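Structure, as structure tokens:
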Amino acid sequence: MRRREKGGRARAPEGRRGLLAQLRNPPGGRNARIMLLALAVDRTGSGLWAASSVLYLTFVTRLSAQQIGVLLGVAGVAGIAGSPLAGRLAGRFPVRPLLIGCHLLRLVTLGLVLVCTGFDALLPVVAVTYLGDRAAKTLEMLFATRTAGERRAAYQALSRSAANAGYGVGAGIAAIGLAVGTTGAYRVLILGNALSFVVAAVLVWRTTEPSERVVGAARGGGAVPGGQVGDGPVGDGLVGDGPESGRPAGPWRDRGYLRFVLLDIPMNLDDSVLAVGLPLWLVNRTSAPHALVPAFLVINTVLVVVLQLGVSRRAEGPRRATRAVLLYGVLMFVCCGFLAVATRGGAWAAGAVLLAAALLVTLAELMRSVSSWELAVLLAPQDARAAYLGVAGMSQSIQKSAGPPLLTGVVMAAGPVGWLALGTVVAGLAVVQRRACARRLGIGPSRTESAELVIG
């Protein structure tokens with residue numbers, strides 16, 4: 001039903017309002033609104049860096065392709081440590097100053113990038129930059145969890161929309177600088193990214209420290225507040241109600257949670273498929289026009305901004321979040337099947353199949369972005385959530401390091417069969433992940449859930 005305002009005019013329920021209306025009044029109020037703006041500014045700078053970094057390292061610092069590969073690979077490995085480090089620190093210190101510190105750390109390291117010209121000097125600088133970047137993302141996630149409460153899935157949708165919009169703006173600005181192509185233009189783009197850290201830090205400083213809440217279970221689930229399990233025995237790493245319940249001392253001793261994090265790594269492979277798999281497969285193994293490569297990112301950016309809110313409403317709570325894991329597996333399986341058959345037929349047929357694959361991998365990303373975060377929160381005990389979410393954040397970092405070489409060195413090397421095998425493995429692991437999460441949360445399949453899964 002629609003609620004009525006004082007003047008008698010009907011007002012849409014909060015979850016049904018449009019994107020702009022929810023950005024003006026997001027879950028969490030003023031704190032969330034400022035943080036979303038800070039996130040958009042930060043990601044605009046990230047878009048500048050992502051579009052220009054490789055060319056900057058190539059044409060300004062004169063690094064070879066092999067050196068750039070090693071540099072970014074080591075940086076990716078360093079980023080893996082950022083999540084658990086941020087989670088551990090957030091369990092002892094306030095989140096707000098830690099996040100400001102991450103922005104300022106990246107400001108310093110990016111400034112050093114501008115003055116360092118040799119590979120040996122750039123290696124630790126870029127590594128620390130990536131570590132700070134991953135730590136900042138984990139702290140943003142924890143800030144949102146504490147600020148948005150039960151409506152964290154809606155906040156996550158808004159944050160992804162803001163982030164994608166920021167990336168798009170940053171990439172657009174970078175295109176201008178890259179068209180100029182001078183050393184000065186490259187340096188201006190790097191400085192633009194550094195400026196984004198300053199603005200983001202100032203915006204975070206304007207917020208107030210969010211308080212840790214005992215968050216009740218979302219609609220339709222069987223979990224109780226703080227990730228505790230209702231109607232089920234404590235065991236297999238399940239979360240109880242205190243130390244006396246036999247709960248593991250921390251995330252590194254919680255086998256059930258570590259299993260979730262491990263299985264979440266392949267549940268993030270959509271990122272590498274979109275950024276690496278689709279473009280390289282098009283160029284090297286199909287006759288599709290090369291001009292379609294930018295269309296993949298356009299499709300992804302537009303659909304994430306437009307659809308993320310609607311998807312988040314359908315993935316709130318334990319039941320819906322675990323169901324989204326299954327849908328992720330199905331979408332990735334079909335996407336990989338499309339990639340496998342894209343080598344057949346003419347240029348336009350291959351192009352159409354690859355565009356369909358880009359659509360499917362984007363829909364999979366939408367499912368993953370909500371379910372992965374929602375389950376990471378629900379499965380963690382409320383009184384140790386910072387440390388747990390820090391460990392959960394490692395799955396994305398590990399995938400970013402391992403995903404591209406897996407696709408290029410194994411999947412694509414095997415040809416169409418490699419894509420079919422990848423799709424089958426991801427779909428199978430999605431089933432395992434769903435069952436493990438459902439067991440830990442003490443929920444089972446219901447008639448309603450089964451019907452929703454069939455209807456889609």
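So you can find residues: chains in the structure tokens are A, B, ... in the order shown, residues in each start at 1, and ligands are numbered from 1 in order.
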
Please extract the residues of stretch 61-310 of chain A with a backbone DSSP assignment of strand (DSSP E) and present them as a ChimeraX atom specification. /A:223-224,228-229

Just C-alpha atoms for this one: save the residues we selected as a tab-separated table (two decimals), in the first residue's frame.
```tsv
chain	number	residue	atom	x	y	z
A	223	ALA	CA	18.40	-15.86	10.84
A	224	VAL	CA	18.38	-13.86	14.01
A	228	GLN	CA	23.29	-15.79	14.73
A	229	VAL	CA	21.49	-18.92	13.75
```

For A:Ile80, which residue out of A:Ala179, A:Leu131, A:Val306, A:Leu55 is the nearest one, using only C-alpha atoms? A:Leu131

Using the chain letters and numbers from this document, which residues of stretch 99-334 of chain A does DSSP assign to helix (DSSP H, G or I), as a ChimeraX atom specification? /A:99-115,119-180,183-205,225-227,243-245,251-253,255-264,266-268,270-285,290-313,318-334

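Counting only C-alpha atoms, the residue from A:Thr182, A:Asn193, A:Gln308, A:Thr207 that sits nearest to A:Leu37 is A:Thr207.
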
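Distances from A:Pro266, A:Gly45, A:Pro279, A:Pro404 to A:Arg368 were compared using only C-alpha atoms, and the smallest one belongs to A:Pro266.
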
May I have the residues within 12 Å of A:Ala288 as a list in words, using only C-alpha atoms and disregarding those fewer than 5 positions away in the same chain?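 Non-adjacent residues within range: Leu278, Pro279, Leu280, Trp281, Leu282, Val283, Val293, Leu339, Ala342, Thr343, Arg344, Gly345, Gly346, Ala347, Trp348, Ala349, Ala350, Gly351, Ala352, Val353, Leu354 and Leu355 of chain A.
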
Among listed residues A:Ala51, A:Leu189, A:Leu389, A:Val198, nearest A:Ser372 (using only C-alpha atoms): A:Leu389

Residue nearest A:Arg160 - candidates A:Arg106, A:Lys137, A:Arg146, A:Arg435, atoms counted: only C-alpha atoms: A:Lys137

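Near A:Arg92, within a cut-off of 12 Å and counting only C-alpha atoms, sit the residues Leu85, Ala86, Gly87, Arg88, Pro97, Leu98, Asp383, Ala384, Arg385, Ala386 and Ala387 of chain A, with same-chain residues fewer than 4 positions away left out.
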
Restricted to all heavy atoms, what would the selected residues look like written as a PDB file, in the first residue's frame?
```
ATOM      1  N   LEU A  85      43.483  -6.557   6.913  1.00  0.00           N
ATOM      2  CA  LEU A  85      44.150  -5.542   7.731  1.00  0.00           C
ATOM      3  C   LEU A  85      43.159  -4.462   8.153  1.00  0.00           C
ATOM      4  O   LEU A  85      43.114  -4.065   9.329  1.00  0.00           O
ATOM      5  CB  LEU A  85      45.306  -4.926   6.947  1.00  0.00           C
ATOM      6  CG  LEU A  85      46.064  -3.796   7.653  1.00  0.00           C
ATOM      7  CD1 LEU A  85      46.701  -4.303   8.939  1.00  0.00           C
ATOM      8  CD2 LEU A  85      47.129  -3.216   6.715  1.00  0.00           C
ATOM      9  N   ALA A  86      42.338  -4.006   7.203  1.00  0.00           N
ATOM     10  CA  ALA A  86      41.335  -2.989   7.529  1.00  0.00           C
ATOM     11  C   ALA A  86      40.314  -3.530   8.515  1.00  0.00           C
ATOM     12  O   ALA A  86      39.894  -2.830   9.446  1.00  0.00           O
ATOM     13  CB  ALA A  86      40.642  -2.523   6.248  1.00  0.00           C
ATOM     14  N   GLY A  87      39.893  -4.774   8.332  1.00  0.00           N
ATOM     15  CA  GLY A  87      38.919  -5.364   9.245  1.00  0.00           C
ATOM     16  C   GLY A  87      39.464  -5.482  10.661  1.00  0.00           C
ATOM     17  O   GLY A  87      38.754  -5.221  11.632  1.00  0.00           O
ATOM     18  N   ARG A  88      40.729  -5.874  10.770  1.00  0.00           N
ATOM     19  CA  ARG A  88      41.327  -6.011  12.101  1.00  0.00           C
ATOM     20  C   ARG A  88      41.438  -4.651  12.790  1.00  0.00           C
ATOM     21  O   ARG A  88      41.129  -4.510  13.982  1.00  0.00           O
ATOM     22  CB  ARG A  88      42.707  -6.658  11.976  1.00  0.00           C
ATOM     23  CG  ARG A  88      43.359  -6.980  13.308  1.00  0.00           C
ATOM     24  CD  ARG A  88      44.642  -7.763  13.112  1.00  0.00           C
ATOM     25  NE  ARG A  88      45.250  -8.122  14.391  1.00  0.00           N
ATOM     26  CZ  ARG A  88      44.914  -9.170  15.126  1.00  0.00           C
ATOM     27  NH1 ARG A  88      43.945  -9.959  14.718  1.00  0.00           N
ATOM     28  NH2 ARG A  88      45.520  -9.424  16.263  1.00  0.00           N
ATOM     29  N   PRO A  97      38.078   7.677  10.989  1.00  0.00           N
ATOM     30  CA  PRO A  97      39.460   8.120  10.804  1.00  0.00           C
ATOM     31  C   PRO A  97      40.317   7.126  10.022  1.00  0.00           C
ATOM     32  O   PRO A  97      41.252   7.527   9.319  1.00  0.00           O
ATOM     33  CB  PRO A  97      39.980   8.294  12.234  1.00  0.00           C
ATOM     34  CG  PRO A  97      39.064   7.502  13.092  1.00  0.00           C
ATOM     35  CD  PRO A  97      37.730   7.539  12.414  1.00  0.00           C
ATOM     36  N   LEU A  98      39.999   5.837  10.124  1.00  0.00           N
ATOM     37  CA  LEU A  98      40.736   4.847   9.336  1.00  0.00           C
ATOM     38  C   LEU A  98      40.508   5.063   7.847  1.00  0.00           C
ATOM     39  O   LEU A  98      41.457   4.981   7.043  1.00  0.00           O
ATOM     40  CB  LEU A  98      40.308   3.432   9.731  1.00  0.00           C
ATOM     41  CG  LEU A  98      40.758   2.925  11.102  1.00  0.00           C
ATOM     42  CD1 LEU A  98      40.132   1.559  11.378  1.00  0.00           C
ATOM     43  CD2 LEU A  98      42.279   2.839  11.183  1.00  0.00           C
ATOM     44  N   ASP A 383      29.202  -9.017  16.937  1.00  0.00           N
ATOM     45  CA  ASP A 383      30.218  -8.395  17.785  1.00  0.00           C
ATOM     46  C   ASP A 383      31.622  -8.528  17.229  1.00  0.00           C
ATOM     47  O   ASP A 383      32.576  -7.987  17.809  1.00  0.00           O
ATOM     48  CB  ASP A 383      30.163  -8.979  19.199  1.00  0.00           C
ATOM     49  CG  ASP A 383      30.400 -10.491  19.214  1.00  0.00           C
ATOM     50  OD1 ASP A 383      30.396 -11.107  18.128  1.00  0.00           O
ATOM     51  OD2 ASP A 383      30.579 -11.056  20.314  1.00  0.00           O
ATOM     52  N   ALA A 384      31.800  -9.234  16.106  1.00  0.00           N
ATOM     53  CA  ALA A 384      33.114  -9.349  15.468  1.00  0.00           C
ATOM     54  C   ALA A 384      33.005  -9.099  13.969  1.00  0.00           C
ATOM     55  O   ALA A 384      33.805  -9.603  13.187  1.00  0.00           O
ATOM     56  CB  ALA A 384      33.698 -10.734  15.725  1.00  0.00           C
ATOM     57  N   ARG A 385      32.026  -8.304  13.600  1.00  0.00           N
ATOM     58  CA  ARG A 385      31.722  -8.136  12.180  1.00  0.00           C
ATOM     59  C   ARG A 385      32.869  -7.484  11.412  1.00  0.00           C
ATOM     60  O   ARG A 385      33.130  -7.839  10.248  1.00  0.00           O
ATOM     61  CB  ARG A 385      30.444  -7.307  12.028  1.00  0.00           C
ATOM     62  CG  ARG A 385      29.948  -7.195  10.595  1.00  0.00           C
ATOM     63  CD  ARG A 385      28.528  -6.675  10.563  1.00  0.00           C
ATOM     64  NE  ARG A 385      27.598  -7.698  10.982  1.00  0.00           N
ATOM     65  CZ  ARG A 385      26.361  -7.439  11.399  1.00  0.00           C
ATOM     66  NH1 ARG A 385      25.955  -6.185  11.488  1.00  0.00           N
ATOM     67  NH2 ARG A 385      25.554  -8.418  11.740  1.00  0.00           N
ATOM     68  N   ALA A 386      33.567  -6.542  12.016  1.00  0.00           N
ATOM     69  CA  ALA A 386      34.642  -5.848  11.308  1.00  0.00           C
ATOM     70  C   ALA A 386      35.711  -6.839  10.846  1.00  0.00           C
ATOM     71  O   ALA A 386      36.131  -6.826   9.688  1.00  0.00           O
ATOM     72  CB  ALA A 386      35.259  -4.768  12.202  1.00  0.00           C
ATOM     73  N   ALA A 387      36.169  -7.705  11.755  1.00  0.00           N
ATOM     74  CA  ALA A 387      37.205  -8.674  11.405  1.00  0.00           C
ATOM     75  C   ALA A 387      36.699  -9.656  10.358  1.00  0.00           C
ATOM     76  O   ALA A 387      37.429 -10.019   9.421  1.00  0.00           O
ATOM     77  CB  ALA A 387      37.662  -9.425  12.655  1.00  0.00           C
TER      78      ALA A 387
END
```

Determine, counting only C-alpha atoms, which protein, DNA and RNA residues have an atom within 12 Å of an atom of A:Arg152; residues of the same chain fewer than 2 positions away are not included. Present the result as a VMD selection string. chain A and resid 15 26 to 28 32 140 to 150 154 to 159 215 to 218 309 312 to 313 315 to 317 370 to 371 373 to 378

File dump, residues just selected, N, CA, C and O atoms, as a short mmCIF file (atom, residue, chain, number, x, y, z; two decimals), in the first residue's frame:
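As a result, again.cif now contains:
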```
data_model
loop_
_atom_site.label_atom_id
_atom_site.label_comp_id
_atom_site.auth_asym_id
_atom_site.auth_seq_id
_atom_site.Cartn_x
_atom_site.Cartn_y
_atom_site.Cartn_z
N GLY A 15 11.17 1.60 -0.58
CA GLY A 15 11.91 0.69 -1.44
C GLY A 15 11.55 0.82 -2.90
O GLY A 15 12.25 0.31 -3.77
N PRO A 26 19.05 8.40 1.31
CA PRO A 26 19.38 6.97 1.32
C PRO A 26 19.22 6.37 2.70
O PRO A 26 19.09 7.08 3.71
N PRO A 27 19.24 5.03 2.80
CA PRO A 27 19.25 4.39 4.11
C PRO A 27 20.48 4.83 4.90
O PRO A 27 21.59 4.72 4.42
N GLY A 28 20.26 5.35 6.09
CA GLY A 28 21.36 5.87 6.88
C GLY A 28 21.38 7.38 6.96
O GLY A 28 22.19 7.95 7.69
N ALA A 32 24.99 8.51 5.24
CA ALA A 32 25.00 7.72 4.02
C ALA A 32 25.07 8.61 2.79
O ALA A 32 25.76 8.29 1.81
N GLU A 140 34.58 1.13 3.71
CA GLU A 140 33.32 1.67 3.19
C GLU A 140 32.19 0.67 3.39
O GLU A 140 31.06 1.04 3.74
N MET A 141 32.50 -0.60 3.18
CA MET A 141 31.51 -1.65 3.37
C MET A 141 31.08 -1.74 4.83
O MET A 141 29.88 -1.85 5.14
N LEU A 142 32.04 -1.66 5.74
CA LEU A 142 31.72 -1.73 7.16
C LEU A 142 30.96 -0.49 7.61
O LEU A 142 30.00 -0.59 8.40
N PHE A 143 31.34 0.67 7.12
CA PHE A 143 30.63 1.91 7.43
C PHE A 143 29.17 1.79 7.00
O PHE A 143 28.25 2.16 7.74
N ALA A 144 28.95 1.25 5.80
CA ALA A 144 27.59 1.10 5.29
C ALA A 144 26.79 0.11 6.13
O ALA A 144 25.61 0.32 6.42
N THR A 145 27.44 -0.99 6.55
CA THR A 145 26.76 -1.99 7.36
C THR A 145 26.27 -1.38 8.67
O THR A 145 25.17 -1.66 9.13
N ARG A 146 27.09 -0.53 9.27
CA ARG A 146 26.72 0.07 10.54
C ARG A 146 25.71 1.21 10.35
O ARG A 146 24.88 1.45 11.22
N THR A 147 25.79 1.91 9.23
CA THR A 147 24.93 3.07 9.02
C THR A 147 23.55 2.69 8.51
O THR A 147 22.54 3.21 8.98
N ALA A 148 23.49 1.77 7.54
CA ALA A 148 22.22 1.46 6.88
C ALA A 148 21.41 0.42 7.62
O ALA A 148 20.21 0.28 7.37
N GLY A 149 22.03 -0.36 8.51
CA GLY A 149 21.27 -1.34 9.28
C GLY A 149 20.62 -2.39 8.40
O GLY A 149 21.25 -2.98 7.51
N GLU A 150 19.34 -2.65 8.63
CA GLU A 150 18.62 -3.67 7.90
C GLU A 150 18.56 -3.38 6.40
O GLU A 150 18.40 -4.28 5.59
N ALA A 154 19.87 -2.18 0.14
CA ALA A 154 19.48 -1.00 -0.63
C ALA A 154 20.63 -0.01 -0.71
O ALA A 154 20.89 0.59 -1.77
N TYR A 155 21.36 0.17 0.39
CA TYR A 155 22.51 1.06 0.37
C TYR A 155 23.57 0.53 -0.58
O TYR A 155 24.21 1.29 -1.32
N GLN A 156 23.79 -0.79 -0.57
CA GLN A 156 24.77 -1.39 -1.47
C GLN A 156 24.41 -1.11 -2.92
O GLN A 156 25.28 -0.82 -3.75
N ALA A 157 23.12 -1.18 -3.25
CA ALA A 157 22.69 -0.89 -4.61
C ALA A 157 22.98 0.56 -4.98
O ALA A 157 23.47 0.85 -6.07
N LEU A 158 22.69 1.47 -4.06
CA LEU A 158 22.96 2.88 -4.32
C LEU A 158 24.46 3.13 -4.46
O LEU A 158 24.88 3.91 -5.32
N SER A 159 25.25 2.47 -3.63
CA SER A 159 26.70 2.67 -3.71
C SER A 159 27.26 2.17 -5.03
O SER A 159 28.15 2.79 -5.62
N VAL A 215 21.62 -5.80 14.23
CA VAL A 215 20.73 -5.71 13.09
C VAL A 215 19.84 -6.93 13.01
O VAL A 215 20.32 -8.06 12.99
N GLY A 216 18.57 -6.70 12.97
CA GLY A 216 17.62 -7.79 12.86
C GLY A 216 17.66 -8.43 11.50
O GLY A 216 18.13 -7.85 10.53
N ALA A 217 17.18 -9.66 11.42
CA ALA A 217 17.17 -10.34 10.14
C ALA A 217 16.21 -9.65 9.19
O ALA A 217 15.19 -9.12 9.59
N ALA A 218 16.57 -9.67 7.92
CA ALA A 218 15.71 -9.07 6.92
C ALA A 218 14.52 -9.97 6.67
O ALA A 218 14.44 -11.09 7.16
N LEU A 309 19.16 -1.16 -8.12
CA LEU A 309 18.16 -0.97 -7.06
C LEU A 309 17.08 -2.05 -7.12
O LEU A 309 16.69 -2.62 -6.10
N SER A 312 18.45 -5.35 -5.92
CA SER A 312 18.70 -5.39 -4.48
C SER A 312 17.42 -5.65 -3.70
O SER A 312 17.43 -6.32 -2.67
N ARG A 313 16.29 -5.11 -4.19
CA ARG A 313 15.02 -5.35 -3.49
C ARG A 313 14.63 -6.81 -3.52
O ARG A 313 13.90 -7.28 -2.66
N ALA A 315 16.82 -9.30 -3.39
CA ALA A 315 17.87 -10.14 -2.82
C ALA A 315 18.14 -9.81 -1.36
O ALA A 315 19.17 -10.20 -0.83
N GLU A 316 17.21 -9.12 -0.71
CA GLU A 316 17.39 -8.80 0.70
C GLU A 316 17.02 -9.99 1.57
O GLU A 316 16.05 -10.69 1.30
N GLY A 317 17.77 -10.23 2.60
CA GLY A 317 17.47 -11.30 3.53
C GLY A 317 18.13 -12.61 3.15
O GLY A 317 18.59 -12.80 2.02
N VAL A 370 25.00 -8.08 -4.73
CA VAL A 370 24.09 -8.01 -3.58
C VAL A 370 24.25 -9.24 -2.68
O VAL A 370 24.43 -9.12 -1.47
N SER A 371 24.22 -10.43 -3.28
CA SER A 371 24.23 -11.65 -2.47
C SER A 371 25.54 -11.82 -1.73
O SER A 371 25.56 -12.21 -0.55
N TRP A 373 27.70 -9.60 -0.62
CA TRP A 373 27.82 -8.66 0.50
C TRP A 373 26.80 -8.98 1.59
O TRP A 373 27.13 -9.00 2.77
N GLU A 374 25.56 -9.27 1.19
CA GLU A 374 24.51 -9.57 2.16
C GLU A 374 24.88 -10.81 2.98
O GLU A 374 24.74 -10.85 4.19
N LEU A 375 25.37 -11.85 2.30
CA LEU A 375 25.72 -13.07 3.01
C LEU A 375 26.96 -12.88 3.88
O LEU A 375 27.05 -13.45 4.97
N ALA A 376 27.92 -12.08 3.42
CA ALA A 376 29.10 -11.81 4.24
C ALA A 376 28.70 -11.18 5.56
O ALA A 376 29.30 -11.47 6.61
N VAL A 377 27.68 -10.32 5.54
CA VAL A 377 27.21 -9.68 6.77
C VAL A 377 26.38 -10.65 7.60
O VAL A 377 26.58 -10.77 8.82
N LEU A 378 25.45 -11.35 6.98
CA LEU A 378 24.56 -12.24 7.72
C LEU A 378 25.31 -13.39 8.39
O LEU A 378 24.92 -13.85 9.47
#
```

Pick out the residues sitting within 12 Å of A:Lys400, and hand them over as a PyMOL selection string; count only C-alpha atoms, and ignore anything fewer than 3 positions along from it in its own chain. chain A and resi 72-80+130+134+265-276+393-397+403-407

Residues near A:Ala174, cut-off 9 Å, only C-alpha atoms, skip fewer than 6 positions along chain, as a VMD selection string: chain A and resid 47 to 52 186 189

For A:Val204, the nearest of the candidates A:Gly101, A:Pro294, A:Gly337, A:Gly277, counting only C-alpha atoms: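 Closest to A:Val204 of all the choices is A:Gly101.
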